[in-house]
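**Q** Structure incoming, see below.
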Amino acid sequence: MNELKKLYIAGLLLTAPALATAQNPFVQTWFTSDPAPMVHDGTMYVYTGHDEDKADFFWMQEWRVYSTNDMVNWQDHGSPLALESFTWADDRAWASQCIERDGKFFWYICAHSKLSNGMAIGVAVGDSPTGPFRDAIGKPLFENGSWDHIDPTVMIDDSGQAWLMWGNPQLYYLKLNRDMISYEGELGRIEMTEEAFGSPVMNKREKGKQYRDSYVEGPWLMKKPVLRPSKKKGSGYYLLYAAGGVPEHISYSTAPSPLGPWKYVGEIMPLCDTNSFTNHCGVADYKGHSYFFYHTGKLPEGGGFGRSVAVEEFQYNSDGSFPKIMPTDEGVKPVAAFNPYRRVEAETMAFSRGVKTEQNDAIGVYVTDVHNGDYIKLQNVDFGAKGPVAFSAQVASGLRGGSIELRIDSIGGKELVHLDVPGTGGWEQWQTLSANLKETVTGSHDLYLLFKGRKGPKLFNIDWWELQLNL
């Protein structure tokens, strides 16, 4: 067992009572950063970066995707885009954002370019929110050798014009063409002024003057919200951004158009005890609720270079402005029930202890690194009025196997199923196993897949599971 996992399990055992209601960070299997939400066809998707374990800098090699239909149980779609997807990129797979247009999905990224030896903005395209994605143009969309070109954000305005913005410490923009992979005109730059962002750029600041705030990086460009319950559409745009220097908080400005003039409004997420000296946000509405995504360093062995995405629900003020939003461990409440009577990808979870995820071309993403006492929790699972009669799972084990226990309400709750997992002859030699339920269960409960076996070794992998309904 690696050191990260040992510390992770130890930390979780010490905080077990608190984890009963914990939802943040909402990905525990990997360090994730820079969340960029996108709602499409009734599903919430979040595109993230991936901080490497034990990193001492932002050593990032890939981007990841997660999705949910209820805001608490998230499916891991793995890494459909990495530095290897771009022949011109060789390092620093930093913040990104994806957007849909005309049935295509355009994923804007930044990475170090071996062509210019600076940071560059690239774009990948796919036919679905989870890919596969490919480099849309085979070269950077924009680069000039500068290191300013990080953290792209993209938005389509009310007239149908798409805008791409990015930058640290300056704020740049491109006016995208309809194809979303080329642009009109030259690179633009938003002027940093005290009125627009709380302070001018560093070399124009007056010595000894106390400024209200300062733009740093991580912009998020968005339209003003549709206010509920009036359903009145806001007029103009917001730009949210990491502000203040190190450590960062989240602030925002407003403007009648994406090009300004921008006017500083104030802080959204003040400096908090998040264990991360950076922050990066994204905002999306989903099923009548408004959500603010950000990152912390709150996983065991996490920190400034080991970040984790989190989410809070909020309500806009009556005038459409943002309230103050504070980070919580509890996170958000479910907005729908979870249906267990289907093939459920094992990498779908509300919370987990100890496990990791991997992927391959044959079966996609699966759960691995399973040890004795690890578990996966799903929240607000609807067993219905009749309940299930059997449980099936596809598993693989190189040697000794173990068992899966289904429990409700807590890891020590009523045991519904005990499924023995034998050695299958290899870690990717998959077998489908089944067991009948020992106890009847109806209604809504949290569901735990608790893994048991010999202490110490890796036990098995799990690809998917399913409950069969009592007919």
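Just remember, in the structure tokens the first chain shown is A, the second B, etc., residues are 1-based per chain, and ligands are 1-based in the order shown.
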Residues of stretch 292-378 of chain A that have any atom at most 9 Å from an atom of stretch 433-447 of chain A: could you tabulate them with the shortest-distance atom pair and the distance in Å to one decimal, using only C-alpha atoms, ordered by chain and increasing number, as CSV?
**A**
residue,atom,partner,partner_atom,distance
A:Ala337,CA,A:Ser444,CA,7.9
A:Phe338,CA,A:Ser444,CA,8.8
A:Ile376,CA,A:Leu447,CA,8.3
A:Lys377,CA,A:Leu447,CA,5.7
A:Leu378,CA,A:Leu447,CA,5.1
**Q** For A:Thr153, list every protein, DNA or RNA residue within 7 Å, evaluated using only C-alpha atoms, and leave out those in the same chain fewer than 4 positions away; present the list as a ChimeraX atom specification.
**A** /A:97,164-166,219-221
**Q** Pick out the closest residue to A:Arg64 from this set: A:Ser85, A:Thr368, A:Gln161, A:Thr32. Count only C-alpha atoms.
**A** A:Thr32
**Q** Using only C-alpha atoms for the distances, tell me which of A:Gly304, A:Gly297, A:Gly412, A:Gly78 is nearest to A:Lys356.
**A**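 Ranking A:Gly304, A:Gly297, A:Gly412, A:Gly78 by distance to A:Lys356, first place goes to A:Gly78.
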**Q** Of the residues A:His295, A:Lys139, A:Lys333, A:Lys114, which is the one nearest to A:Glu313, using only C-alpha atoms?
**A**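 Smallest distance to A:Glu313 is found for A:Lys333.
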**Q** Find the residues near A:Pro256: any atom within 12 Å, counting only C-alpha atoms, skip ones fewer than 3 places away on the same chain, and give them as an MDAnalysis selection string.
**A** chainID A and resid 157:158 222:224 234:239 253 259:263
**Q** Might you pull out every residue within 12 Å of stretch 177-183 of chain A, with only C-alpha atoms counted and same-chain residues fewer than 5 positions away left off, and present them as a PDB file with N, CA, C and O atoms, in the first residue's frame?
**A**
ATOM      1  N   CYS A  98     -14.879  23.384 -21.069  1.00  0.00           N
ATOM      2  CA  CYS A  98     -15.524  22.781 -22.237  1.00  0.00           C
ATOM      3  C   CYS A  98     -16.870  23.444 -22.475  1.00  0.00           C
ATOM      4  O   CYS A  98     -17.567  23.830 -21.529  1.00  0.00           O
ATOM      5  N   ILE A  99     -17.236  23.570 -23.756  1.00  0.00           N
ATOM      6  CA  ILE A  99     -18.517  24.169 -24.130  1.00  0.00           C
ATOM      7  C   ILE A  99     -19.064  23.447 -25.353  1.00  0.00           C
ATOM      8  O   ILE A  99     -18.298  22.955 -26.187  1.00  0.00           O
ATOM      9  N   GLU A 100     -20.392  23.408 -25.466  1.00  0.00           N
ATOM     10  CA  GLU A 100     -21.033  22.770 -26.633  1.00  0.00           C
ATOM     11  C   GLU A 100     -21.482  23.830 -27.630  1.00  0.00           C
ATOM     12  O   GLU A 100     -21.962  24.897 -27.251  1.00  0.00           O
ATOM     13  N   ARG A 101     -21.288  23.510 -28.911  1.00  0.00           N
ATOM     14  CA  ARG A 101     -21.861  24.351 -29.967  1.00  0.00           C
ATOM     15  C   ARG A 101     -22.101  23.498 -31.200  1.00  0.00           C
ATOM     16  O   ARG A 101     -21.221  22.756 -31.634  1.00  0.00           O
ATOM     17  N   ASP A 102     -23.320  23.594 -31.745  1.00  0.00           N
ATOM     18  CA  ASP A 102     -23.684  22.905 -32.985  1.00  0.00           C
ATOM     19  C   ASP A 102     -23.404  21.404 -32.907  1.00  0.00           C
ATOM     20  O   ASP A 102     -22.943  20.795 -33.872  1.00  0.00           O
ATOM     21  N   GLY A 103     -23.676  20.827 -31.743  1.00  0.00           N
ATOM     22  CA  GLY A 103     -23.532  19.383 -31.588  1.00  0.00           C
ATOM     23  C   GLY A 103     -22.112  18.901 -31.345  1.00  0.00           C
ATOM     24  O   GLY A 103     -21.885  17.689 -31.237  1.00  0.00           O
ATOM     25  N   LYS A 104     -21.158  19.812 -31.252  1.00  0.00           N
ATOM     26  CA  LYS A 104     -19.770  19.459 -30.964  1.00  0.00           C
ATOM     27  C   LYS A 104     -19.375  20.032 -29.602  1.00  0.00           C
ATOM     28  O   LYS A 104     -19.941  21.037 -29.144  1.00  0.00           O
ATOM     29  N   PHE A 105     -18.375  19.413 -28.996  1.00  0.00           N
ATOM     30  CA  PHE A 105     -17.906  19.842 -27.686  1.00  0.00           C
ATOM     31  C   PHE A 105     -16.462  20.307 -27.812  1.00  0.00           C
ATOM     32  O   PHE A 105     -15.590  19.541 -28.246  1.00  0.00           O
ATOM     33  N   PHE A 106     -16.243  21.563 -27.453  1.00  0.00           N
ATOM     34  CA  PHE A 106     -14.941  22.202 -27.623  1.00  0.00           C
ATOM     35  C   PHE A 106     -14.320  22.400 -26.241  1.00  0.00           C
ATOM     36  O   PHE A 106     -14.867  23.103 -25.398  1.00  0.00           O
ATOM     37  N   TRP A 107     -13.157  21.782 -26.060  1.00  0.00           N
ATOM     38  CA  TRP A 107     -12.483  21.771 -24.764  1.00  0.00           C
ATOM     39  C   TRP A 107     -11.215  22.614 -24.891  1.00  0.00           C
ATOM     40  O   TRP A 107     -10.260  22.232 -25.568  1.00  0.00           O
ATOM     41  N   TYR A 108     -11.243  23.786 -24.254  1.00  0.00           N
ATOM     42  CA  TYR A 108     -10.129  24.730 -24.325  1.00  0.00           C
ATOM     43  C   TYR A 108      -9.191  24.476 -23.150  1.00  0.00           C
ATOM     44  O   TYR A 108      -9.618  24.418 -21.996  1.00  0.00           O
ATOM     45  N   ILE A 121      -2.553  28.296 -25.522  1.00  0.00           N
ATOM     46  CA  ILE A 121      -3.966  27.914 -25.473  1.00  0.00           C
ATOM     47  C   ILE A 121      -4.240  26.949 -26.616  1.00  0.00           C
ATOM     48  O   ILE A 121      -3.917  27.229 -27.771  1.00  0.00           O
ATOM     49  N   GLY A 122      -4.821  25.794 -26.286  1.00  0.00           N
ATOM     50  CA  GLY A 122      -5.184  24.809 -27.291  1.00  0.00           C
ATOM     51  C   GLY A 122      -6.667  24.501 -27.241  1.00  0.00           C
ATOM     52  O   GLY A 122      -7.368  24.919 -26.316  1.00  0.00           O
ATOM     53  N   VAL A 123      -7.144  23.754 -28.238  1.00  0.00           N
ATOM     54  CA  VAL A 123      -8.558  23.371 -28.265  1.00  0.00           C
ATOM     55  C   VAL A 123      -8.687  21.953 -28.815  1.00  0.00           C
ATOM     56  O   VAL A 123      -8.083  21.605 -29.831  1.00  0.00           O
ATOM     57  N   ALA A 124      -9.458  21.139 -28.098  1.00  0.00           N
ATOM     58  CA  ALA A 124      -9.797  19.790 -28.548  1.00  0.00           C
ATOM     59  C   ALA A 124     -11.285  19.755 -28.870  1.00  0.00           C
ATOM     60  O   ALA A 124     -12.064  20.576 -28.380  1.00  0.00           O
ATOM     61  N   VAL A 125     -11.699  18.787 -29.682  1.00  0.00           N
ATOM     62  CA  VAL A 125     -13.099  18.670 -30.070  1.00  0.00           C
ATOM     63  C   VAL A 125     -13.539  17.225 -29.941  1.00  0.00           C
ATOM     64  O   VAL A 125     -12.754  16.295 -30.176  1.00  0.00           O
ATOM     65  N   ASP A 135      -7.175  16.808 -30.782  1.00  0.00           N
ATOM     66  CA  ASP A 135      -6.704  18.157 -31.051  1.00  0.00           C
ATOM     67  C   ASP A 135      -7.418  18.675 -32.296  1.00  0.00           C
ATOM     68  O   ASP A 135      -7.338  18.075 -33.374  1.00  0.00           O
ATOM     69  N   ALA A 136      -8.143  19.777 -32.164  1.00  0.00           N
ATOM     70  CA  ALA A 136      -8.995  20.253 -33.255  1.00  0.00           C
ATOM     71  C   ALA A 136      -8.216  20.833 -34.417  1.00  0.00           C
ATOM     72  O   ALA A 136      -8.687  20.796 -35.567  1.00  0.00           O
ATOM     73  N   ILE A 137      -7.007  21.375 -34.178  1.00  0.00           N
ATOM     74  CA  ILE A 137      -6.292  22.055 -35.255  1.00  0.00           C
ATOM     75  C   ILE A 137      -4.840  21.609 -35.379  1.00  0.00           C
ATOM     76  O   ILE A 137      -4.135  22.070 -36.286  1.00  0.00           O
ATOM     77  N   GLY A 138      -4.356  20.742 -34.518  1.00  0.00           N
ATOM     78  CA  GLY A 138      -3.002  20.225 -34.628  1.00  0.00           C
ATOM     79  C   GLY A 138      -1.908  21.202 -34.251  1.00  0.00           C
ATOM     80  O   GLY A 138      -0.724  20.947 -34.513  1.00  0.00           O
ATOM     81  N   LYS A 139      -2.287  22.304 -33.629  1.00  0.00           N
ATOM     82  CA  LYS A 139      -1.328  23.312 -33.197  1.00  0.00           C
ATOM     83  C   LYS A 139      -2.018  24.173 -32.150  1.00  0.00           C
ATOM     84  O   LYS A 139      -3.249  24.095 -31.977  1.00  0.00           O
ATOM     85  N   PRO A 140      -1.288  25.019 -31.417  1.00  0.00           N
ATOM     86  CA  PRO A 140      -1.960  25.899 -30.463  1.00  0.00           C
ATOM     87  C   PRO A 140      -2.925  26.856 -31.158  1.00  0.00           C
ATOM     88  O   PRO A 140      -2.669  27.320 -32.276  1.00  0.00           O
ATOM     89  N   LEU A 141      -4.022  27.129 -30.497  1.00  0.00           N
ATOM     90  CA  LEU A 141      -4.932  28.162 -30.985  1.00  0.00           C
ATOM     91  C   LEU A 141      -4.283  29.528 -30.858  1.00  0.00           C
ATOM     92  O   LEU A 141      -4.412  30.385 -31.738  1.00  0.00           O
ATOM     93  N   PHE A 142      -3.543  29.719 -29.744  1.00  0.00           N
ATOM     94  CA  PHE A 142      -2.783  30.959 -29.588  1.00  0.00           C
ATOM     95  C   PHE A 142      -1.550  30.697 -28.735  1.00  0.00           C
ATOM     96  O   PHE A 142      -1.616  30.045 -27.690  1.00  0.00           O
ATOM     97  N   VAL A 154     -14.534  30.194 -21.593  1.00  0.00           N
ATOM     98  CA  VAL A 154     -15.222  30.410 -22.861  1.00  0.00           C
ATOM     99  C   VAL A 154     -16.712  30.612 -22.599  1.00  0.00           C
ATOM    100  O   VAL A 154     -17.292  30.000 -21.699  1.00  0.00           O
ATOM    101  N   MET A 155     -17.334  31.477 -23.399  1.00  0.00           N
ATOM    102  CA  MET A 155     -18.758  31.763 -23.261  1.00  0.00           C
ATOM    103  C   MET A 155     -19.324  32.231 -24.593  1.00  0.00           C
ATOM    104  O   MET A 155     -18.627  32.897 -25.368  1.00  0.00           O
ATOM    105  N   ILE A 156     -20.578  31.883 -24.857  1.00  0.00           N
ATOM    106  CA  ILE A 156     -21.302  32.371 -26.029  1.00  0.00           C
ATOM    107  C   ILE A 156     -22.292  33.423 -25.546  1.00  0.00           C
ATOM    108  O   ILE A 156     -23.147  33.143 -24.699  1.00  0.00           O
ATOM    109  N   SER A 159     -25.826  37.370 -28.344  1.00  0.00           N
ATOM    110  CA  SER A 159     -25.933  37.533 -29.796  1.00  0.00           C
ATOM    111  C   SER A 159     -25.417  36.314 -30.560  1.00  0.00           C
ATOM    112  O   SER A 159     -25.461  36.287 -31.786  1.00  0.00           O
ATOM    113  N   GLY A 160     -24.883  35.326 -29.822  1.00  0.00           N
ATOM    114  CA  GLY A 160     -24.326  34.141 -30.463  1.00  0.00           C
ATOM    115  C   GLY A 160     -22.834  34.223 -30.695  1.00  0.00           C
ATOM    116  O   GLY A 160     -22.242  33.292 -31.255  1.00  0.00           O
ATOM    117  N   GLN A 161     -22.204  35.306 -30.261  1.00  0.00           N
ATOM    118  CA  GLN A 161     -20.762  35.459 -30.408  1.00  0.00           C
ATOM    119  C   GLN A 161     -20.040  34.723 -29.282  1.00  0.00           C
ATOM    120  O   GLN A 161     -20.372  34.863 -28.108  1.00  0.00           O
ATOM    121  N   ALA A 162     -19.051  33.917 -29.635  1.00  0.00           N
ATOM    122  CA  ALA A 162     -18.261  33.190 -28.649  1.00  0.00           C
ATOM    123  C   ALA A 162     -17.004  33.974 -28.303  1.00  0.00           C
ATOM    124  O   ALA A 162     -16.317  34.499 -29.178  1.00  0.00           O
ATOM    125  N   TRP A 163     -16.712  34.017 -27.003  1.00  0.00           N
ATOM    126  CA  TRP A 163     -15.547  34.724 -26.491  1.00  0.00           C
ATOM    127  C   TRP A 163     -14.672  33.769 -25.694  1.00  0.00           C
ATOM    128  O   TRP A 163     -15.164  32.948 -24.918  1.00  0.00           O
ATOM    129  N   LEU A 164     -13.366  33.891 -25.874  1.00  0.00           N
ATOM    130  CA  LEU A 164     -12.397  33.117 -25.113  1.00  0.00           C
ATOM    131  C   LEU A 164     -11.525  34.099 -24.349  1.00  0.00           C
ATOM    132  O   LEU A 164     -10.954  35.022 -24.934  1.00  0.00           O
ATOM    133  N   GLY A 188      -6.791  40.475 -27.964  1.00  0.00           N
ATOM    134  CA  GLY A 188      -7.171  41.664 -27.217  1.00  0.00           C
ATOM    135  C   GLY A 188      -6.759  41.557 -25.757  1.00  0.00           C
ATOM    136  O   GLY A 188      -6.480  40.462 -25.254  1.00  0.00           O
TER     137      GLY A 188
END
**Q** Please give the complete set of residues from stretch 5-193 of chain A that DSSP, run on the backbone, assigns to strand (DSSP E), formatted as a VMD selection string.
**A** chain A and resid 31 to 40 43 to 51 60 to 68 74 to 76 81 to 82 89 to 91 96 to 101 104 to 113 119 to 126 133 to 135 153 to 156 162 to 166 171 to 176 183 to 190
